[in-house]
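K.L.:
Have a peek at start_1.csv (CSV, C-alpha atoms).
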```csv
chain,number,residue,atom,x,y,z
A,101,MET,CA,85.2,87.0,106.0
A,102,HIS,CA,88.6,86.5,107.6
A,103,ALA,CA,88.9,89.2,110.2
A,104,SER,CA,86.9,92.0,111.7
A,105,GLY,CA,87.8,94.4,114.4
A,106,ILE,CA,85.7,95.6,117.3
A,107,CYS,CA,86.0,99.2,118.3
A,108,TYR,CA,84.2,101.3,120.8
A,109,THR,CA,81.9,102.6,118.1
A,110,ASP,CA,80.5,99.1,118.0
A,111,VAL,CA,79.8,99.4,121.7
A,112,HIS,CA,78.0,102.8,121.0
A,113,GLU,CA,76.0,101.1,118.3
A,114,THR,CA,75.1,98.1,120.3
A,115,LEU,CA,73.9,100.3,123.2
A,116,GLY,CA,71.8,102.4,120.8
A,117,HIS,CA,73.9,105.6,121.3
A,118,ILE,CA,74.0,106.1,117.6
A,119,PRO,CA,70.7,106.0,115.7
A,120,GLY,CA,70.5,103.5,112.9
A,121,GLU,CA,68.6,100.5,111.6
A,122,PHE,CA,70.8,97.8,113.1
A,123,PRO,CA,71.9,98.7,116.5
A,124,GLU,CA,70.1,95.9,118.3
A,125,SER,CA,72.7,93.2,118.1
A,126,SER,CA,76.4,93.3,118.4
A,127,SER,CA,76.7,90.5,115.8
A,128,ARG,CA,75.5,93.0,113.3
A,129,THR,CA,78.1,95.7,113.9
A,130,GLY,CA,81.7,95.5,112.7
A,131,ARG,CA,83.8,98.4,111.8
A,132,ARG,CA,86.7,97.2,109.7
A,133,ASP,CA,86.4,94.1,107.9
A,134,CYS,CA,88.7,92.0,105.7
A,135,GLY,CA,87.8,89.1,103.5
A,136,ASN,CA,87.8,87.8,100.0
A,137,ALA,CA,85.9,89.4,97.1
A,138,PRO,CA,83.1,87.6,95.4
A,139,ASP,CA,82.7,87.9,91.6
A,140,VAL,CA,82.0,91.5,90.6
A,141,SER,CA,83.2,93.7,87.8
A,142,SER,CA,85.8,95.7,89.6
A,143,ARG,CA,87.2,92.9,91.8
A,144,LYS,CA,88.4,89.4,90.9
A,145,VAL,CA,87.2,86.3,92.9
A,146,GLY,CA,89.7,85.8,95.7
A,147,ASP,CA,91.0,89.4,95.8
A,148,ARG,CA,92.1,90.2,99.4
A,149,VAL,CA,90.0,93.3,100.3
A,150,GLY,CA,89.0,95.3,103.3
A,151,THR,CA,86.3,97.8,103.9
A,152,ALA,CA,86.0,100.8,106.2
A,153,TRP,CA,83.1,102.2,108.1
A,154,SER,CA,81.3,104.4,105.7
A,155,LYS,CA,80.0,102.8,102.5
A,156,LEU,CA,78.9,105.1,99.8
A,157,PRO,CA,76.8,103.6,97.2
A,158,VAL,CA,74.7,106.6,96.2
A,159,GLY,CA,76.7,108.7,93.9
A,160,ALA,CA,74.0,111.2,93.0
A,161,ALA,CA,74.3,114.0,95.5
A,162,ASN,CA,76.6,117.0,95.3
A,163,GLY,CA,79.3,115.5,97.4
A,164,CYS,CA,79.6,112.4,95.3
A,165,GLN,CA,79.5,114.3,92.1
A,166,ARG,CA,82.4,116.4,93.2
A,167,GLY,CA,84.4,113.4,94.1
A,168,ARG,CA,84.0,114.0,97.9
A,169,ARG,CA,82.1,110.8,98.7
A,170,ASN,CA,82.7,111.1,102.4
A,171,PHE,CA,80.4,114.1,102.5
A,172,CYS,CA,77.5,112.2,100.9
A,173,PRO,CA,74.4,113.0,103.0
A,174,TYR,CA,72.9,109.5,102.2
A,175,GLN,CA,75.9,107.5,103.0
A,176,LYS,CA,75.4,104.1,104.6
A,177,SER,CA,77.5,102.6,107.3
A,178,THR,CA,78.0,99.1,108.6
A,179,GLY,CA,76.3,98.5,111.9
A,180,LEU,CA,73.9,101.4,111.3
A,181,ASN,CA,72.3,100.9,107.8
A,182,LEU,CA,74.2,97.8,106.6
A,183,GLN,CA,75.0,94.6,108.3
A,184,GLY,CA,78.7,94.5,109.3
A,185,GLY,CA,81.6,92.1,109.3
A,186,HIS,CA,81.2,90.2,112.6
A,187,ALA,CA,79.9,87.3,110.6
A,188,GLU,CA,81.0,84.5,108.3
A,189,TYR,CA,80.0,86.5,105.2
A,190,MET,CA,79.1,90.1,104.5
A,191,LEU,CA,77.7,92.0,101.5
A,192,MET,CA,79.7,95.0,100.4
A,193,TYR,CA,79.6,97.4,97.5
A,194,ALA,CA,82.6,96.6,95.3
A,195,ASP,CA,83.7,100.2,95.0
A,196,SER,CA,83.8,100.4,98.8
A,197,THR,CA,86.4,97.7,99.0
A,198,PHE,CA,90.1,98.4,99.1
A,199,LEU,CA,92.9,95.9,98.1
A,200,ILE,CA,95.1,94.7,100.9
A,201,PRO,CA,98.8,94.4,100.2
A,202,ASP,CA,99.8,90.8,99.6
A,203,ASN,CA,102.2,90.5,102.6
A,204,VAL,CA,99.8,92.0,105.1
A,205,PRO,CA,97.8,89.4,107.1
A,206,TYR,CA,94.1,90.0,107.5
A,207,GLU,CA,94.5,90.4,111.3
A,208,GLN,CA,97.1,93.1,110.7
A,209,ALA,CA,95.1,94.9,108.1
A,210,ALA,CA,91.8,95.0,110.0
A,211,PRO,CA,92.7,97.7,112.6
A,212,ILE,CA,94.1,99.9,109.8
A,213,PHE,CA,90.7,100.1,108.1
A,214,CYS,CA,89.3,101.7,111.2
A,215,ALA,CA,91.7,103.2,113.8
A,216,GLY,CA,94.7,103.4,111.5
A,217,TYR,CA,92.8,105.1,108.7
A,218,THR,CA,91.1,107.5,111.0
A,219,VAL,CA,94.1,108.5,113.0
A,220,TRP,CA,96.4,108.8,110.1
A,221,SER,CA,93.8,110.9,108.3
A,222,GLY,CA,93.7,113.2,111.3
A,223,LEU,CA,97.5,113.6,111.5
A,224,ARG,CA,97.8,114.2,107.8
A,225,TRP,CA,95.0,116.7,107.7
A,226,ALA,CA,96.6,118.7,110.5
A,227,ALA,CA,99.7,118.7,108.3
A,228,PRO,CA,102.3,118.9,111.0
A,229,LYS,CA,105.8,120.1,109.9
A,230,PRO,CA,108.8,118.0,110.7
A,231,HIS,CA,109.8,120.0,113.8
A,232,GLU,CA,106.4,120.1,115.3
A,233,ARG,CA,105.1,117.9,118.0
A,234,SER,CA,101.8,115.9,117.9
A,235,LEU,CA,99.7,115.2,121.0
A,236,CYS,CA,97.1,112.4,120.9
A,237,THR,CA,94.4,112.2,123.5
A,238,ALA,CA,91.7,109.5,123.6
A,239,SER,CA,89.5,107.7,126.0
A,240,ALA,CA,90.2,104.4,124.3
A,241,ALA,CA,93.6,102.9,124.2
A,242,SER,CA,94.0,101.8,120.6
A,243,SER,CA,93.8,104.9,118.6
A,244,PRO,CA,96.7,106.8,120.2
A,245,ARG,CA,98.9,103.7,120.0
A,246,CYS,CA,98.1,103.4,116.4
A,247,ALA,CA,99.0,107.1,116.0
A,248,ILE,CA,102.4,106.6,117.6
A,249,ARG,CA,103.2,103.7,115.5
A,250,GLU,CA,102.2,105.5,112.4
A,251,SER,CA,103.9,108.7,113.1
A,252,ARG,CA,107.5,107.9,114.1
A,253,ARG,CA,108.6,110.7,111.9
A,254,ILE,CA,106.5,113.1,113.9
A,255,ASP,CA,107.3,113.6,117.6
A,256,THR,CA,104.2,112.2,119.2
A,257,ILE,CA,102.9,112.2,122.8
A,258,ALA,CA,99.8,110.2,123.7
A,259,ILE,CA,97.5,110.8,126.6
A,260,SER,CA,94.8,108.3,127.5
A,261,HIS,CA,92.2,107.9,130.2
A,262,SER,CA,92.6,104.1,130.1
A,263,PRO,CA,94.0,102.5,133.3
A,264,ASP,CA,96.8,100.9,131.4
A,265,LYS,CA,99.0,103.5,129.8
A,266,ASP,CA,102.1,101.4,128.9
A,267,LYS,CA,103.2,101.4,125.4
B,205,MET,CA,89.3,118.2,124.5
B,206,THR,CA,88.6,121.2,126.6
B,207,ASP,CA,91.7,120.5,128.7
B,208,SER,CA,93.9,119.6,125.8
B,209,ILE,CA,93.2,123.0,124.2
B,210,GLN,CA,95.0,124.5,127.2
B,211,GLY,CA,98.1,122.5,126.4
B,212,LEU,CA,98.4,123.7,122.8
B,213,ARG,CA,101.1,126.2,121.9
B,214,PRO,CA,100.3,129.3,119.9
B,215,THR,CA,99.2,128.6,116.3
B,216,ALA,CA,98.8,124.9,117.0
B,217,ALA,CA,96.1,122.7,115.4
B,218,SER,CA,93.8,120.3,117.2
B,219,SER,CA,92.6,117.6,114.9
B,220,SER,CA,89.4,116.0,116.3
B,221,TRP,CA,88.3,112.6,115.2
B,222,ALA,CA,86.4,111.4,118.3
B,223,LEU,CA,82.6,110.9,118.2
B,224,MET,CA,81.9,113.6,120.7
B,225,ARG,CA,78.5,115.3,120.9
B,226,THR,CA,79.8,118.5,122.6
B,227,ALA,CA,83.0,120.0,123.8
B,228,ALA,CA,83.4,123.3,125.7
B,229,VAL,CA,86.0,125.5,124.0
B,230,SER,CA,86.8,129.1,124.9
B,231,PRO,CA,86.9,131.3,121.8
B,232,MET,CA,89.3,133.5,123.8
B,233,ASP,CA,91.8,130.6,123.9
B,234,LEU,CA,91.4,130.1,120.2
B,235,LEU,CA,91.8,133.8,119.6
B,236,MET,CA,94.8,134.5,121.8
B,237,LYS,CA,96.8,131.5,120.6
B,238,ARG,CA,95.4,131.5,117.1
B,239,ILE,CA,94.5,127.8,117.5
B,240,ARG,CA,92.8,125.8,114.8
B,241,ILE,CA,90.4,123.0,115.6
B,242,ILE,CA,90.1,120.7,112.6
B,243,GLY,CA,87.3,118.2,112.1
B,244,SER,CA,88.6,115.0,110.6
B,245,GLN,CA,87.2,111.6,109.6
B,246,GLN,CA,88.4,108.9,107.3
B,247,ASN,CA,89.5,111.5,104.8
B,248,GLY,CA,89.8,109.5,101.6
B,249,PRO,CA,91.3,106.3,100.2
B,250,GLU,CA,94.7,107.8,99.8
B,251,TYR,CA,95.2,108.0,103.5
B,252,LEU,CA,94.0,104.4,104.0
B,253,TYR,CA,96.4,103.2,101.4
B,254,GLU,CA,99.3,105.2,103.0
B,255,ALA,CA,98.5,103.5,106.3
B,256,LEU,CA,98.3,100.1,104.8
B,257,ASP,CA,101.6,100.8,103.1
B,258,PHE,CA,103.2,101.4,106.5
B,259,VAL,CA,102.2,97.8,107.5
B,260,ALA,CA,103.3,96.3,104.2
B,261,LYS,CA,106.7,97.9,104.5
B,262,GLY,CA,107.1,96.7,108.1
B,263,LYS,CA,107.1,100.2,109.5
B,264,VAL,CA,104.0,99.5,111.5
B,265,LYS,CA,102.9,96.4,113.2
B,266,THR,CA,99.4,96.5,114.7
B,267,ILE,CA,99.1,94.8,118.1
B,268,VAL,CA,95.9,92.8,118.2
B,269,GLU,CA,94.2,90.1,120.2
B,270,THR,CA,92.3,87.7,118.1
B,271,TYR,CA,89.2,85.7,119.0
B,272,PRO,CA,87.2,83.2,117.0
B,273,LEU,CA,83.7,84.4,116.0
B,274,ALA,CA,82.2,82.0,118.6
B,275,GLU,CA,83.9,84.1,121.3
B,276,ALA,CA,82.6,87.4,120.0
B,277,SER,CA,80.9,88.2,123.3
B,278,LYS,CA,84.1,87.8,125.2
B,279,ALA,CA,86.0,90.0,122.7
B,280,TYR,CA,83.2,92.6,122.9
B,281,GLN,CA,83.4,92.7,126.7
B,282,ARG,CA,87.2,93.2,126.6
B,283,VAL,CA,86.5,96.3,124.5
B,284,VAL,CA,83.7,97.5,126.8
B,285,ASP,CA,86.0,97.1,129.8
B,286,GLY,CA,88.9,98.9,128.0
B,287,LYS,CA,91.1,95.8,128.4
B,288,ALA,CA,91.7,94.9,124.8
B,289,ARG,CA,95.4,95.2,123.9
B,290,PHE,CA,95.0,96.9,121.7
B,291,ARG,CA,92.4,95.9,119.2
B,292,ALA,CA,90.1,92.9,119.5
B,293,ILE,CA,89.8,91.1,116.2
B,294,LEU,CA,87.3,88.4,115.4
B,295,THR,CA,88.6,85.8,113.0
B,296,MET,CA,86.4,83.5,110.9
```
Turn this file's structure into structure tokens for me.

P.N.:
Amino acid sequence: MHASGICYTDVHETLGHIPGEFPESSSRTGRRDCGNAPDVSSRKVGDRVGTAWSKLPVGAANGCQRGRRNFCPYQKSTGLNLQGGHAEYMLMYADSTFLIPDNVPYEQAAPIFCAGYTVWSGLRWAAPKPHERSLCTASAASSPRCAIRESRRIDTIAISHSPDKDK
Amino acid sequence: MTDSIQGLRPTAASSSWALMRTAAVSPMDLLMKRIRIIGSQQNGPEYLYEALDFVAKGKVKTIVETYPLAEASKAYQRVVDGKARFRAILTM
């Protein structure tokens, strides 16, 4: 492991707000994790890879069969069913790893595997047109900031409950 | 979310990715302004790769504070307190 980000979901897991097998220790959570690949068929030793929250090793249910793995009812998630990346090493399914561009440092990539991925997915799914305005609200600070940085082509306003609202 | 619905213009979309258990929404507001509420998650690897590509091309720079693994408790507390600017990263 090289870098692993902490997000507020880690806090929820640590405090037991989300049911799972591993909520009892913060060292076992870890949302978005970046490291080097071990020797497996679809990855070469030393590949720079990251992994996101949901890990989907099942492949048998309807969602997986239709190529919609994020709707797998049996999906496993770090911090809940699998040990996470806040550690020197972590086990991960090879097909749940994603290559990191060569010029992106691990610390830069880590937030993208959680907040960046989530927020950009949300913006893209809402499919705003060029003239439309996007409004981001969040209780935590990092997600709307990520959204702003990723959506310069979309006019974005962020609202946060956090005490420090500067950009 | 309840309040933010009030701020939407007609035919707007609200894309929700927060882990909320419940949110009060008036169907009348949705109806009169023909508002859409969209559930969203990490919607597929293509969006992850698009986001990574922004960083690779220098269009996005994430702002992080890094902590060695030995200081994980300190980093965790920064997140609990909402003080992390803007993402606490453990490095190994």

K.L.:
Identify, on the basis of all atoms listed in the file, every residue whose closest approach to Asn247 in chain B does not exceed 10 Å; exclude the query and any residue fewer than 6 positions from it along the same chain; express the result as a list of chain:residue names.

P.N.:
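Listed by chain and then number, they are A:Arg168, A:Arg169, A:Asn170, A:Phe171, A:Tyr217, A:Thr218, A:Val219, A:Trp220, A:Ser221, A:Gly222, A:Arg224, A:Trp225.
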
K.L.:
For Asp110 in chain A, which residue out of B:Gln281, B:Thr295, B:Ser230, B:Gln210 is the nearest one, using only C-alpha atoms?

P.N.:
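Of the candidates, the smallest distance to Asp110 in chain A is held by B:Gln281.
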
K.L.:
Measuring between all atoms listed in the file, which one of A:Gly146, A:Gly120, A:Pro201, A:Gly179 shows the shortest distance to chain B?

P.N.:
A:Pro201

K.L.:
For CA of Ala152 in chain A and CA of Ser218 in chain B, determine how far apart the two atoms are, in Å to one decimal place.

P.N.:
23.7 Å

K.L.:
When the cut-off is 7 Å and we count only C-alpha atoms, which residues of chain A are near chain B, given as a PyMOL selection string?

P.N.:
chain A and resi 101-108+111+186+188+201+203-204+207-209+211-213+216-218+220-222+226+240-242+249-250+262

K.L.:
Find the residue from A:Ala187, A:Glu232, A:Ser142, A:Tyr174 that sits nearest to Ser154 in chain A; use all atoms listed in the file when measuring.

P.N.:
A:Tyr174

K.L.:
Rounded to one decimal, what separation in Å do you get between CA of Lys176 in chain A and CA of Ala227 in chain A?

P.N.:
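So the answer is 28.6 Å.
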
K.L.:
Which value, in Å to one decimal, gives the distance between CA of Cys172 in chain A and CA of Leu223 in chain A?

P.N.:
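The value is 22.7 Å.
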